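**Q** Pasting upload.tsv here (TSV, C-alpha atoms and all ligand atoms):
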chain	number	residue	atom	x	y	z
A	1	MET	CA	13.83	-17.41	10.79
A	2	ASN	CA	15.57	-17.53	7.40
A	3	ASP	CA	19.06	-18.61	8.45
A	4	THR	CA	20.76	-18.98	5.02
A	5	PHE	CA	22.92	-15.93	5.74
A	6	LEU	CA	24.14	-17.30	9.09
A	7	ARG	CA	24.72	-20.77	7.63
A	8	ALA	CA	26.84	-19.29	4.83
A	9	ALA	CA	28.71	-17.14	7.35
A	10	ARG	CA	29.62	-20.38	9.16
A	11	GLY	CA	30.68	-22.11	5.94
A	12	GLN	CA	27.71	-24.48	5.88
A	13	PRO	CA	25.82	-25.47	2.72
A	14	THR	CA	22.68	-23.47	1.84
A	15	PRO	CA	19.82	-24.17	-0.62
A	16	TYR	CA	20.71	-20.91	-2.44
A	17	THR	CA	23.26	-18.13	-2.01
A	18	PRO	CA	22.11	-15.58	0.58
A	19	VAL	CA	22.32	-11.95	-0.50
A	20	TRP	CA	22.28	-8.53	1.12
A	21	MET	CA	23.72	-5.23	-0.06
A	22	MET	CA	25.89	-2.76	1.75
A	23	ARG	CA	23.95	0.52	2.12
A	24	GLN	CA	20.76	-1.34	1.28
A	25	ALA	CA	18.77	1.23	3.25
A	26	GLY	CA	19.31	4.72	1.92
A	27	ARG	CA	19.05	7.49	-0.57
A	28	TYR	CA	18.19	5.40	-3.65
A	29	GLN	CA	14.84	4.63	-1.96
A	30	PRO	CA	12.04	7.21	-2.34
A	31	GLU	CA	10.64	6.05	1.04
A	32	TYR	CA	13.98	6.84	2.72
A	33	ARG	CA	14.26	10.22	1.01
A	34	LYS	CA	10.85	11.06	2.37
A	35	ILE	CA	11.95	10.29	5.94
A	36	ARG	CA	15.15	12.31	5.32
A	37	GLU	CA	13.09	15.38	4.42
A	38	ARG	CA	12.03	15.48	8.08
A	39	TYR	CA	15.14	14.23	9.84
A	40	THR	CA	18.92	14.41	9.43
A	41	LEU	CA	20.88	11.16	9.38
A	42	PRO	CA	21.93	11.45	13.08
A	43	ASP	CA	18.29	12.29	13.95
A	44	ILE	CA	17.15	9.04	12.35
A	45	VAL	CA	19.81	7.03	14.17
A	46	ARG	CA	18.88	8.58	17.53
A	47	GLN	CA	15.21	7.59	17.20
A	48	PRO	CA	15.13	3.80	17.52
A	49	GLU	CA	11.63	3.46	16.02
A	50	VAL	CA	12.63	5.43	12.93
A	51	ALA	CA	16.00	3.68	12.58
A	52	ALA	CA	14.24	0.31	12.83
A	53	GLU	CA	11.70	1.35	10.19
A	54	VAL	CA	14.48	2.40	7.80
A	55	THR	CA	16.35	-0.86	8.43
A	56	LEU	CA	13.22	-2.81	7.48
A	57	LEU	CA	12.46	-0.89	4.24
A	58	PRO	CA	14.71	-2.88	1.88
A	59	ILE	CA	13.90	-6.22	3.55
A	60	ARG	CA	10.18	-5.75	3.01
A	61	GLN	CA	10.61	-4.45	-0.53
A	62	PHE	CA	13.33	-6.67	-1.93
A	63	GLY	CA	13.64	-9.71	0.34
A	64	MET	CA	17.33	-9.67	1.22
A	65	ASP	CA	18.53	-12.52	3.46
A	66	ALA	CA	19.95	-10.21	6.12
A	67	ALA	CA	19.20	-6.76	7.49
A	68	ILE	CA	21.87	-4.26	8.49
A	69	LEU	CA	21.15	-1.95	11.36
A	70	PHE	CA	20.63	1.63	10.22
A	71	ALA	CA	23.38	3.74	11.77
A	72	ASP	CA	26.70	5.13	10.56
A	73	ILE	CA	30.34	4.36	11.32
A	74	THR	CA	30.49	7.83	12.91
A	75	THR	CA	27.65	7.07	15.38
A	76	PRO	CA	29.92	6.14	18.36
A	77	LEU	CA	32.33	9.04	17.73
A	78	TYR	CA	30.13	11.70	19.34
A	79	GLY	CA	30.41	9.94	22.70
A	80	MET	CA	34.19	9.88	22.35
A	81	GLY	CA	34.21	13.66	22.27
A	82	PHE	CA	34.14	14.39	18.54
A	83	ASP	CA	32.03	17.12	17.05
A	84	LEU	CA	30.97	16.19	13.54
A	85	ASP	CA	28.49	16.57	10.73
A	86	ILE	CA	27.64	14.35	7.82
A	87	VAL	CA	27.68	16.49	4.72
A	88	GLU	CA	25.50	15.25	1.88
A	89	GLY	CA	27.52	14.15	-1.15
A	90	ARG	CA	30.74	14.39	0.82
A	91	GLY	CA	30.67	12.37	4.04
A	92	PRO	CA	31.63	12.88	7.69
A	93	VAL	CA	33.33	16.18	8.55
A	94	ILE	CA	35.05	16.42	11.96
A	95	HIS	CA	35.16	19.89	13.52
A	96	ASN	CA	37.75	18.97	16.15
A	97	PRO	CA	40.09	16.60	14.28
A	98	ILE	CA	43.10	14.92	15.84
A	99	GLU	CA	46.20	16.99	15.19
A	100	SER	CA	48.54	16.00	18.02
A	101	ALA	CA	49.34	13.39	20.64
A	102	ASP	CA	47.52	15.62	23.16
A	103	ASP	CA	44.34	15.35	21.11
A	104	VAL	CA	44.59	11.57	21.34
A	105	ARG	CA	44.81	11.75	25.14
A	106	ARG	CA	41.61	13.80	25.23
A	107	ILE	CA	39.46	11.02	23.67
A	108	HIS	CA	36.67	10.00	26.05
A	109	LEU	CA	36.18	6.41	27.10
A	110	PHE	CA	33.26	5.03	25.08
A	111	SER	CA	30.29	3.30	26.70
A	112	ALA	CA	27.59	1.82	24.46
A	113	GLU	CA	24.91	2.02	27.18
A	114	ALA	CA	25.75	5.63	28.00
A	115	HIS	CA	26.53	7.02	24.54
A	116	THR	CA	24.49	4.95	22.07
A	117	PRO	CA	21.50	3.49	23.97
A	118	PHE	CA	19.33	4.28	20.92
A	119	VAL	CA	21.36	1.83	18.80
A	120	LEU	CA	20.81	-0.97	21.32
A	121	GLU	CA	17.11	-0.11	21.51
A	122	ALA	CA	16.78	-0.19	17.69
A	123	ILE	CA	18.33	-3.67	17.73
A	124	ARG	CA	15.82	-4.86	20.34
A	125	ILE	CA	12.91	-3.49	18.29
A	126	LEU	CA	14.24	-5.11	15.12
A	127	LYS	CA	14.70	-8.50	16.73
A	128	ASP	CA	10.93	-8.65	17.27
A	129	GLU	CA	10.15	-7.64	13.70
A	130	LEU	CA	12.71	-9.43	11.55
A	131	GLU	CA	12.53	-12.85	9.99
A	132	VAL	CA	16.11	-12.60	8.73
A	133	PRO	CA	19.30	-12.14	10.76
A	134	LEU	CA	20.34	-8.65	11.82
A	135	ILE	CA	23.88	-7.42	11.15
A	136	GLY	CA	25.38	-4.91	13.59
A	137	PHE	CA	28.43	-2.99	12.44
A	138	ALA	CA	31.22	-0.56	13.23
A	139	GLY	CA	34.05	1.19	11.44
A	140	ALA	CA	37.48	-0.36	11.85
A	141	PRO	CA	40.09	1.67	13.76
A	142	PHE	CA	42.10	2.70	10.67
A	143	THR	CA	39.04	3.84	8.73
A	144	LEU	CA	37.74	5.79	11.73
A	145	ALA	CA	41.21	7.26	12.35
A	146	SER	CA	41.35	8.38	8.73
A	147	TYR	CA	38.26	10.57	9.25
A	148	LEU	CA	39.42	11.76	12.68
A	149	VAL	CA	42.88	12.83	11.51
A	150	GLU	CA	41.97	14.04	8.01
A	151	GLY	CA	38.99	15.95	9.41
A	152	GLY	CA	36.83	14.47	6.66
A	153	PRO	CA	36.87	12.25	3.60
A	154	SER	CA	40.20	12.05	1.82
A	155	ARG	CA	41.58	11.09	-1.54
A	156	ASN	CA	45.26	10.60	-0.74
A	157	PHE	CA	45.20	10.13	3.03
A	158	VAL	CA	48.25	12.37	3.41
A	159	ARG	CA	47.37	13.69	6.87
A	160	VAL	CA	46.52	10.37	8.44
A	161	LYS	CA	49.57	8.67	6.95
A	162	SER	CA	51.83	11.55	7.97
A	163	PHE	CA	50.53	11.34	11.54
A	164	MET	CA	51.06	7.56	11.51
A	165	TYR	CA	54.67	7.88	10.32
A	166	ALA	CA	55.66	10.90	12.41
A	167	GLU	CA	53.83	10.17	15.68
A	168	GLU	CA	54.08	6.43	15.94
A	169	GLU	CA	53.48	6.29	19.68
A	170	ALA	CA	50.44	8.56	19.52
A	171	TRP	CA	49.20	6.59	16.50
A	172	HIS	CA	49.19	3.35	18.46
A	173	LEU	CA	47.48	5.11	21.36
A	174	LEU	CA	44.78	6.32	18.96
A	175	MET	CA	44.35	2.87	17.43
A	176	LYS	CA	44.13	1.35	20.92
A	177	ALA	CA	41.44	3.82	22.00
A	178	LEU	CA	39.42	3.15	18.84
A	179	THR	CA	39.89	-0.62	19.15
A	180	ASN	CA	38.68	-0.59	22.77
A	181	ALA	CA	35.69	1.55	21.83
A	182	MET	CA	34.71	-0.68	18.90
A	183	ILE	CA	35.04	-3.87	20.99
A	184	GLU	CA	32.68	-2.28	23.52
A	185	TYR	CA	30.29	-1.01	20.81
A	186	LEU	CA	30.14	-4.25	18.81
A	187	SER	CA	29.89	-6.47	21.90
A	188	ALA	CA	26.95	-4.39	23.14
A	189	GLN	CA	25.26	-4.75	19.72
A	190	ALA	CA	25.66	-8.53	19.86
A	191	ARG	CA	24.35	-8.65	23.43
A	192	ALA	CA	21.34	-6.56	22.38
A	193	GLY	CA	20.58	-9.16	19.72
A	194	ALA	CA	22.66	-8.54	16.57
A	195	ASP	CA	23.14	-11.97	14.94
A	196	ALA	CA	26.31	-11.04	13.04
A	197	LEU	CA	28.75	-8.11	13.01
A	198	GLN	CA	30.54	-6.38	10.16
A	199	VAL	CA	33.73	-4.39	10.60
A	200	PHE	CA	34.10	-1.81	7.82
A	201	ASP	CA	37.75	-1.07	7.10
A	202	SER	CA	36.71	0.79	3.98
A	203	TRP	CA	39.92	2.74	3.36
A	204	VAL	CA	42.64	0.42	4.71
A	205	GLY	CA	43.41	-0.80	1.18
A	206	ARG	CA	45.25	2.46	0.58
A	207	LEU	CA	48.08	1.22	2.86
A	208	THR	CA	50.96	-0.95	1.71
A	209	ARG	CA	51.14	-4.40	3.19
A	210	TYR	CA	54.19	-3.36	5.14
A	211	ASP	CA	52.36	-0.42	6.73
A	212	TYR	CA	49.26	-2.54	7.35
A	213	GLU	CA	51.35	-5.05	9.28
A	214	ARG	CA	53.13	-2.38	11.30
A	215	PHE	CA	50.40	0.16	11.99
A	216	VAL	CA	47.10	-1.70	11.78
A	217	ALA	CA	47.29	-5.50	12.04
A	218	PRO	CA	48.11	-5.75	15.78
A	219	HIS	CA	45.02	-3.68	16.59
A	220	MET	CA	42.79	-5.67	14.24
A	221	LYS	CA	43.98	-8.90	15.87
A	222	ARG	CA	43.00	-7.55	19.26
A	223	LEU	CA	39.67	-6.32	17.91
A	224	PHE	CA	38.72	-9.76	16.56
A	225	GLN	CA	39.96	-11.48	19.72
A	226	GLY	CA	37.74	-9.12	21.69
A	227	LEU	CA	34.73	-10.17	19.60
A	228	ALA	CA	35.32	-13.91	19.83
A	229	GLY	CA	32.87	-15.75	22.04
A	230	LEU	CA	29.91	-13.45	21.33
A	231	GLY	CA	28.35	-16.14	19.16
A	232	ALA	CA	27.97	-13.70	16.28
A	233	PRO	CA	30.01	-14.33	13.11
A	234	VAL	CA	32.15	-11.32	12.20
A	235	ILE	CA	32.62	-10.06	8.64
A	236	HIS	CA	35.92	-8.28	7.93
A	237	PHE	CA	35.51	-5.95	4.95
A	238	GLY	CA	37.73	-3.55	3.02
A	239	THR	CA	37.98	-2.08	-0.47
A	240	GLN	CA	40.97	-2.37	-2.80
A	241	THR	CA	42.49	-4.90	-0.43
A	242	MET	CA	43.72	-7.62	-2.80
A	243	HIS	CA	47.31	-7.04	-1.69
A	244	LEU	CA	46.20	-7.28	1.96
A	245	LEU	CA	44.12	-10.46	1.66
A	246	ALA	CA	46.54	-12.69	3.57
A	247	SER	CA	47.22	-10.05	6.23
A	248	MET	CA	43.57	-9.19	6.79
A	249	ALA	CA	42.60	-12.87	6.91
A	250	ALA	CA	45.37	-13.50	9.45
A	251	ALA	CA	44.16	-10.56	11.56
A	252	GLY	CA	40.75	-12.20	11.86
A	253	GLY	CA	37.10	-12.31	10.95
A	254	ASP	CA	34.91	-15.33	10.25
A	255	VAL	CA	34.02	-14.00	6.80
A	256	ILE	CA	36.30	-11.97	4.53
A	257	GLY	CA	34.50	-9.28	2.53
A	258	MET	CA	35.98	-7.72	-0.58
A	259	ASP	CA	35.20	-5.22	-3.30
A	260	THR	CA	35.26	-5.87	-7.05
A	261	THR	CA	39.01	-5.30	-7.41
A	262	THR	CA	39.70	-8.66	-5.73
A	263	PRO	CA	38.65	-11.57	-7.96
A	264	LEU	CA	36.47	-13.80	-5.79
A	265	ASP	CA	37.88	-17.05	-7.19
A	266	TRP	CA	41.44	-15.85	-6.53
A	267	ALA	CA	40.49	-15.03	-2.94
A	268	ARG	CA	38.70	-18.33	-2.38
A	269	ASP	CA	41.67	-20.28	-3.73
A	270	ARG	CA	43.86	-18.57	-1.11
A	271	LEU	CA	41.48	-18.59	1.86
A	272	GLY	CA	40.76	-22.33	1.98
A	273	SER	CA	37.36	-22.94	3.52
A	274	ARG	CA	37.05	-19.44	5.05
A	275	PRO	CA	33.72	-17.91	4.02
A	276	VAL	CA	33.73	-14.84	1.79
A	277	GLN	CA	31.38	-11.97	1.02
A	278	GLY	CA	31.09	-10.06	-2.23
A	279	ASN	CA	31.48	-8.68	-4.79
A	280	LEU	CA	29.22	-7.46	-7.61
A	281	ASP	CA	30.18	-4.09	-9.08
A	282	PRO	CA	27.56	-1.63	-7.71
A	283	THR	CA	27.49	0.21	-11.07
A	284	LEU	CA	26.02	-2.93	-12.69
A	285	LEU	CA	22.75	-1.93	-10.99
A	286	PHE	CA	22.63	0.91	-13.54
A	287	ALA	CA	23.25	-1.45	-16.48
A	288	PRO	CA	20.79	-3.14	-18.87
A	289	ASP	CA	19.30	-6.38	-17.54
A	290	ALA	CA	21.55	-8.59	-19.66
A	291	ALA	CA	24.73	-6.99	-18.27
A	292	LEU	CA	23.44	-7.20	-14.70
A	293	GLU	CA	22.55	-10.87	-15.18
A	294	ARG	CA	25.99	-11.58	-16.65
A	295	GLY	CA	27.64	-9.80	-13.72
A	296	ILE	CA	25.70	-11.84	-11.17
A	297	GLU	CA	26.52	-15.06	-13.02
A	298	ALA	CA	30.19	-14.11	-13.11
A	299	VAL	CA	30.30	-13.71	-9.30
A	300	LEU	CA	28.45	-17.01	-8.76
A	301	THR	CA	30.73	-18.75	-11.26
A	302	ALA	CA	33.81	-17.40	-9.48
A	303	ASN	CA	32.52	-18.94	-6.26
A	304	ALA	CA	31.92	-22.20	-8.14
A	305	GLY	CA	29.35	-23.58	-5.71
A	306	ARG	CA	31.67	-23.60	-2.73
A	307	PRO	CA	29.78	-23.30	0.59
A	308	GLY	CA	30.40	-20.14	2.58
A	309	HIS	CA	29.56	-17.44	0.04
A	310	ILE	CA	27.46	-14.43	1.01
A	311	PHE	CA	26.51	-12.50	-2.10
A	312	ASN	CA	26.93	-8.72	-1.79
A	313	LEU	CA	28.04	-5.74	-3.79
A	314	GLY	CA	31.72	-4.87	-3.78
A	315	HIS	CA	30.87	-1.61	-1.99
A	316	GLY	CA	27.73	0.30	-1.00
A	317	ILE	CA	24.71	0.89	-3.24
A	318	LEU	CA	25.27	4.16	-5.08
A	319	PRO	CA	22.84	7.08	-4.88
A	320	GLY	CA	20.59	7.07	-7.93
A	321	THR	CA	20.49	3.27	-8.21
A	322	PRO	CA	17.13	2.20	-9.65
A	323	PRO	CA	15.24	0.31	-6.91
A	324	ASP	CA	13.93	-2.06	-9.57
A	325	ALA	CA	17.48	-3.22	-10.33
A	326	VAL	CA	17.98	-4.03	-6.65
A	327	ARG	CA	14.84	-6.14	-6.70
A	328	LYS	CA	15.96	-7.96	-9.85
A	329	ALA	CA	19.45	-8.55	-8.49
A	330	VAL	CA	18.14	-10.14	-5.28
A	331	ASP	CA	15.76	-12.38	-7.24
A	332	TRP	CA	18.40	-13.39	-9.78
A	333	VAL	CA	20.97	-14.26	-7.13
A	334	HIS	CA	18.38	-16.53	-5.52
A	335	GLU	CA	17.25	-18.13	-8.80
A	336	LYS	CA	20.65	-18.59	-10.36
A	337	SER	CA	22.25	-20.05	-7.23
A	338	GLU	CA	19.44	-22.42	-6.30
A	339	VAL	CA	20.70	-25.92	-5.65
A	340	PRO	CA	18.43	-28.45	-7.39
A	341	ALA	CA	16.60	-30.56	-4.77
B	1	LIG	O1	22.06	0.22	4.80
B	1	LIG	C1	23.19	0.20	5.37
B	1	LIG	O2	24.21	-0.26	4.84
B	1	LIG	C2	23.25	0.62	6.81
B	1	LIG	C3	23.60	1.95	7.09
B	1	LIG	C4	25.01	2.51	6.89
B	1	LIG	C5	25.21	3.89	6.71
B	1	LIG	N1	26.54	4.13	6.73
B	1	LIG	C6	24.14	4.90	6.60
B	1	LIG	C7	24.43	6.13	5.83
B	1	LIG	C8	26.26	1.90	6.93
B	1	LIG	C9	26.63	0.43	7.06
B	1	LIG	C10	27.23	2.95	6.84
B	1	LIG	C11	28.68	2.71	6.91
B	1	LIG	C12	29.61	3.78	6.54
B	1	LIG	N2	29.49	5.14	6.74
B	1	LIG	C13	30.88	3.55	5.98
B	1	LIG	C14	31.45	2.20	5.68
B	1	LIG	C15	30.88	1.63	4.44
B	1	LIG	C16	31.49	2.17	3.17
B	1	LIG	O3	30.72	2.71	2.38
B	1	LIG	O4	32.67	2.01	2.99
B	1	LIG	C17	31.50	4.80	5.78
B	1	LIG	C18	32.86	5.04	5.16
B	1	LIG	C19	30.61	5.79	6.27
B	1	LIG	C20	30.82	7.26	6.33
B	1	LIG	C21	29.77	7.95	5.56
B	1	LIG	N3	28.50	8.23	6.03
B	1	LIG	C22	29.81	8.37	4.19
B	1	LIG	C23	31.01	8.28	3.29
B	1	LIG	C24	28.54	8.89	3.87
B	1	LIG	C25	28.05	9.38	2.53
B	1	LIG	C26	28.00	10.83	2.37
B	1	LIG	C27	27.28	11.21	1.10
B	1	LIG	O5	26.28	11.94	1.20
B	1	LIG	O6	27.69	10.77	0.02
B	1	LIG	C28	27.75	8.79	5.04
B	1	LIG	C29	26.33	9.18	5.15
B	1	LIG	C30	25.40	8.03	5.17
B	1	LIG	N4	25.47	6.99	6.03
B	1	LIG	C31	24.26	7.86	4.34
B	1	LIG	C32	23.64	6.68	4.77
B	1	LIG	C33	22.36	6.07	4.26
B	1	LIG	C34	23.87	8.81	3.20
B	1	LIG	C35	22.47	9.22	3.12
B	1	LIG	C36	22.02	10.36	3.95
B	1	LIG	O7	22.71	11.38	4.10
B	1	LIG	O8	20.89	10.23	4.42
Reformat the file's structure so that it appears as structure tokens.
**A**
Amino acid sequence: MNDTFLRAARGQPTPYTPVWMMRQAGRYQPEYRKIRERYTLPDIVRQPEVAAEVTLLPIRQFGMDAAILFADITTPLYGMGFDLDIVEGRGPVIHNPIESADDVRRIHLFSAEAHTPFVLEAIRILKDELEVPLIGFAGAPFTLASYLVEGGPSRNFVRVKSFMYAEEEAWHLLMKALTNAMIEYLSAQARAGADALQVFDSWVGRLTRYDYERFVAPHMKRLFQGLAGLGAPVIHFGTQTMHLLASMAAAGGDVIGMDTTTPLDWARDRLGSRPVQGNLDPTLLFAPDAALERGIEAVLTANAGRPGHIFNLGHGILPGTPPDAVRKAVDWVHEKSEVPA
């Protein structure tokens, strides 16, 4: 097995910088679009053979150093009693959003074996097929709560923040329920064979540090404590989180992931030896070769050869990304980071 990704996640030296890309399986691939003509996204996720096939597509084509299980952050929400659809070009839409403290009390207890057996089965299939580590993942409680309270994607997060400020007790109850569910979900993924776990707190960067500390951090601490001892390194990721770096790092995670708005060298200088993941601008995959090369070199230069760097984009691959640019980026990260023997 190619273990460069796991070595980097543990802060150990590697012969080159391992690379994978958030959303590496998806719409930018003609092969994925073909599968999507026949199945919806939840249909794919519920068929372990198909989900495993989609997970493998980018690994076989582009040679990333880690695979990420094909599922969605909304996958466990159905079992918790939420009725939702994923609307193309928009994102998850919740038909029974949380509007009151009573709605929070109605959330069902989540069981990975009962509600998402297909996810665990996809992991078992993949473990036989893969020669690189497999990353399991889940949404973080705040990011999940943002969809559940907003009823869908949001620009200003007015509903979720209003609920948080006005219904503080119910808010903490909601965060507790989501934290418990994600500990159960992620632990089950690790037990089924996931080699690493990523927690996506995609939208938490829209909170002030004060609000993060008050409304989110205690739950994140408990989440990471609940995942300790699984033997799988945990990546803690958010976007636009430069102001939260110290708070998020204190909450936990073996690896801190960041988008392009946090300079990687700045983060490394503040995180000591803690491994990091990131953070090439995903739009550089649309740029001429020279600009893409420069962008990759800039990220590697910011890391300055320190061990414990997992190369990634700052956020997911965008629809319309040329697959050829993904191939070039993976190759260039490997070539440009290679440590002379
Ligand atoms: O390759 C991978 O990274 C693994 C699969 C994966 C998906 N979603 C599949 C998917 C992962 C890791 C996710 C995580 C996810 N889902 C996040 C966190 C990461 C991030 O981007 O911040 C979030 C916020 C979601 C919620 C979600 N699901 C959104 C915003 C969308 C996009 C809606 C759109 O059409 O623009 C989805 C749908 C989704 N999840 C797609 C894929 C491949 C889109 C393609 C499709 O509809 O088939």
**Q** Select, from A:Leu56, A:Val299, A:Met220, A:Met80, the residue with the minimum atom-to-atom distance to Arg268 in chain A, counting only C-alpha atoms.
**A**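 The shortest atom-to-atom distance to Arg268 in chain A comes from A:Val299.
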**Q** Have a look at A:Pro133, A:Gly81, A:Gly238, A:Gly89 and name the one nearest to ligand LIG 1 (chain B); count all atoms listed in the file.
**A** A:Gly89
**Q** Quick one: pull the distance between CA of Pro282 in chain A and CA of Arg159 in chain A, Å, one decimal.
**A** 29.0 Å
**Q** Would you work out the distance separating CA of Arg155 in chain A from CA of Arg206 in chain A, expressed in Å to one decimal?
**A** 9.6 Å
**Q** Within 6 Å of ligand LIG 1 (chain B), counting only C-alpha atoms and all ligand atoms, which protein or nucleic acid residues do you find, written as JSON, numbers by chain?
**A** {"A": [22, 23, 24, 25, 26, 27, 41, 68, 69, 70, 71, 72, 73, 86, 87, 88, 89, 90, 91, 92, 200, 202, 316]}
**Q** Could you check which of A:Val255, A:Ile94, A:Leu173, A:Val216 is closest to Val199 in chain A, using all atoms listed in the file?
**A**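 Of A:Val255, A:Ile94, A:Leu173, A:Val216, the one nearest Val199 in chain A, counting all atoms listed in the file, is A:Val255.
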**Q** Using only C-alpha atoms, list the residues that have an atom at most 8 Å from (26.8, -14.4, 22.2), coordinates as in the file, as number ranges by chain.
**A** A: 190-191, 229-232
